[in-house]
2 protein chains.
Amino acid sequence: MTHPHLPDPQHPPVTVVGLGPMGHALAATLADRGHTTTVWNRTPGKADSLVAKGVRRAATVAEAVSASPLTLLCLQDYPTTDAVLAPARDALRDRVLVNLGTGTPEEARAAVGRAADRGARWLDGAIMVPPPLVGDPTSVFLYSGARDVFDAHRATLATLGDPRHLGPDPGLALLYNTALLEMMYATVNGFLHATALVGSAGVPAVTFADLALGWFMPSVLDPTFAGHLPDLDRGHYPGELGTLEMNLHALDHVTRTSEEQGVHTDQPRLMREIARRAVAEGHGAESYLSVLEVFKKAARVP
Amino acid sequence: MTHPHLPDPQHPPVTVVGLGPMGHALAATLADRGHTTTVWNRTPGKADSLVAKGVRRAATVAEAVSASPLTLLCLQDYPTTDAVLAPARDALRDRVLVNLGTGTPEEARAAVGRAADRGARWLDGAIMVPPPLVGDPTSVFLYSGARDVFDAHRATLATLGDPRHLGPDPGLALLYNTALLEMMYATVNGFLHATALVGSAGVPAVTFADLALGWFMPSVLDPTFAGHLPDLDRGHYPGELGTLEMNLHALDHVTRTSEEQGVHTDQPRLMREIARRAVAEGHGAESYLSVLEVFKKAARVP
């Protein structure tokens, strides 16, 4: 139990700015675990249920940021965050701000400099779980930026989940987040297009998934695949176990079968085109993983 | 132990036509498990190592097919298979042929009729493992076509791996095979493009994979995802936990970040375009899984 009138070094005060579903979950979790928690939201009524459990509602952003050494920002995007913080600029000195909203790596890098101009430190982060999982010790939170700032607040951040520091480049958390999202969409699209393909012959998704998710997928990104990763970092793609040419043949087959079955063909056609480009760039006798060399370059026509 | 001069009902004779790496593995496994095995290959020398272990080398395809009630065909494609079988057409009566080469579902369906004209039964199959895993009881082999033919030869087919009968439509094995391959390529491309994206900020593939494959991917196609599958079959995509509109916003973010980081943008742009099309078709307030409705339709410009 913590005496409400004495500072508690184990549970330093925290401020949360922005009370969408995620900001709300952050503030509720911090308050539940014994942190003196202050919140601000453009629509003050969003704090009502938090105030009922002892959270302090600040009248202004400046008052909110002044209330705690650490402020978590959970707003829609960087332009919104900048606009919200503008009237509080004189309150930022010696404060640590952690952005948990969306943005691009460049926006995160620029924010660090703007914060420094006001005497503040800035970390960027990305929450990889939905609001109901905030507070679960296995919920991954990605952070990037100055390591000393992360270390100083690690215990508080660990209240929210499993905090991972990715490196000093402040853009890394958002970049990882974006890369993981892309991987998720590509994988789900692969499953859905495959489902459409077998569905064209009357196979239900449930039936296909039994084989596709129950047996096949766990075998794709397995330890054998992981064994090739050091080769990726060396740009070395040995083709002894199967060449890109063979895989291009298979992708041509996937594309023609999609046409024959009357389902959408853009996705297999793009995969075939990417493989063709890698062959044209001289990787035909290497492994399929050499398409990474195509992905590393900007497309010619953006 | 089996006496070499008496028929052995537990190990009926089998013929393998086509001795590429896969046909070779099939014949070697069958011979090792006690089946009288006959082979034919366009280049007879490919059978030398098999002959050394007691496999019979037929001089013609007709002789090979006549030697066993069951013939496994392991040739490059359907046109090759048809050309190879043409001189043996009078030997096909009362024989069972199982095609394990590549082809399209329509080719498989057409082959059943042509075989029936010669008094033969035809199954189509797909081998989901590389040659070294033939004979492992966990290696999945997909089959489709007449169930009674499959059941009659199930014990022999089980010598090669785990035989799965998908249904009476002879095109199903090749369709499943194609769909699973597409899913594999889409998933691997998702990982590789994500690797290029974080690589643009200097993150090694090995470092990224620790989080991406070790933690994130197993959470994507998990039991929660599987729980949505009956909804897919009903064309029902409830959006309470997140709408397609929100996912389109995220895919736009992935695309813009890919541009900002100077990596290839075709893949995220196509995913964004597919999501946009689904929104345009009225699915914006449904879940992301409603992109299946786009995939079910042929692309407008093939």
# chains A, B, ... in the order shown; residues from 1 in each chain; ligands from 1
$ closest_atom_pairs --of "chain A" --to "chain B" --cutoff "7 Å" --atoms "only C-alpha atoms" --output "tab-separated table"
residue	atom	partner	partner_atom	distance
A:Thr104	CA	B:Thr257	CA	6.1
A:Leu175	CA	B:Val198	CA	6.2
A:Tyr176	CA	B:Val198	CA	6.4
A:Thr178	CA	B:Val254	CA	5.6
A:Ala179	CA	B:Ala194	CA	4.4
A:Leu180	CA	B:Ala212	CA	6.6
A:Glu182	CA	B:Gly190	CA	6.4
A:Met183	CA	B:Gly190	CA	4.3
A:Met184	CA	B:Val220	CA	6.5
A:Ala186	CA	B:Gly190	CA	4.9
A:Thr187	CA	B:Thr187	CA	4.5
A:Gly190	CA	B:Met183	CA	4.3
A:Phe191	CA	B:Met183	CA	5.5
A:Leu192	CA	B:Leu292	CA	5.7
A:His193	CA	B:Phe295	CA	5.7
A:Ala194	CA	B:Ala179	CA	4.4
A:Ala196	CA	B:Lys296	CA	5.1
A:Leu197	CA	B:Ala179	CA	6.3
A:Val198	CA	B:Leu175	CA	6.2
A:Pro204	CA	B:Asp233	CA	6.0
A:Ala205	CA	B:Asp233	CA	5.9
A:Val206	CA	B:Leu229	CA	5.6
A:Ala212	CA	B:Leu180	CA	6.6
A:Val220	CA	B:Met184	CA	6.5
A:Leu229	CA	B:Val206	CA	5.6
A:Pro230	CA	B:Val206	CA	6.3
A:Leu232	CA	B:Ala205	CA	6.7
A:Asp233	CA	B:Ala205	CA	5.9
A:Val254	CA	B:Thr178	CA	5.7
A:Thr257	CA	B:Thr104	CA	6.0
A:Gly262	CA	B:Ala298	CA	5.1
A:Val263	CA	B:Ala298	CA	4.3
A:His264	CA	B:Ala298	CA	4.1
A:Thr265	CA	B:Ala299	CA	5.8
A:Asp266	CA	B:Ala299	CA	6.7
A:Leu292	CA	B:Leu192	CA	5.7
A:Phe295	CA	B:His264	CA	4.8
A:Lys296	CA	B:Val263	CA	5.0
A:Lys297	CA	B:Val263	CA	4.8
A:Ala298	CA	B:His264	CA	4.1
A:Ala299	CA	B:His264	CA	4.7
$ residues_around --residues "region 88-94 of chain A" --least-positions-apart "3" --cutoff "9 Å" --atoms "only C-alpha atoms" --output "short mmCIF file (atom, residue, chain, number, x, y, z; two decimals) with C-alpha atoms, in the first residue's frame"
data_model
loop_
_atom_site.label_atom_id
_atom_site.label_comp_id
_atom_site.auth_asym_id
_atom_site.auth_seq_id
_atom_site.Cartn_x
_atom_site.Cartn_y
_atom_site.Cartn_z
CA THR A 60 -4.40 22.03 -19.69
CA VAL A 61 -1.68 20.07 -21.46
CA ALA A 62 0.93 22.22 -19.69
CA GLU A 63 -0.53 21.27 -16.31
CA VAL A 65 3.04 17.52 -18.52
CA SER A 66 4.16 19.43 -15.39
CA PRO A 69 8.55 13.44 -15.00
CA VAL A 84 -1.49 19.46 -28.80
CA LEU A 85 1.98 20.10 -27.32
CA LEU A 97 8.00 12.36 -23.51
CA ALA A 115 12.01 18.29 -27.94
CA ALA A 116 15.71 18.95 -27.26
CA ARG A 118 12.76 22.79 -25.29
CA GLY A 119 15.07 20.92 -22.91
CA ALA A 120 13.06 17.68 -23.11
CA ARG A 121 14.02 14.10 -23.96
#
$ atom_distance --atom1 "CA of Ala58 (chain B)" --atom2 "CA of Ala25 (chain B)"
17.6 Å
$ residues_around --residues "Ala47 (chain B)" --least-positions-apart "5" --cutoff "10 Å" --atoms "only C-alpha atoms" --output "NGL selection string"
:B and (18-20 or 24 or 27 or 38-41 or 52 or 55-58)
$ residues_around --residues "Leu244 (chain A)" --least-positions-apart "3" --cutoff "7 Å" --atoms "only C-alpha atoms" --output "list in words"
Asn247, Leu248, His283, Gly284, Ala285, Glu286, Ser287 and Tyr288 of chain A
$ atom_distance --atom1 "CA of Ala111 (chain B)" --atom2 "CA of Gly145 (chain B)"
10.9 Å
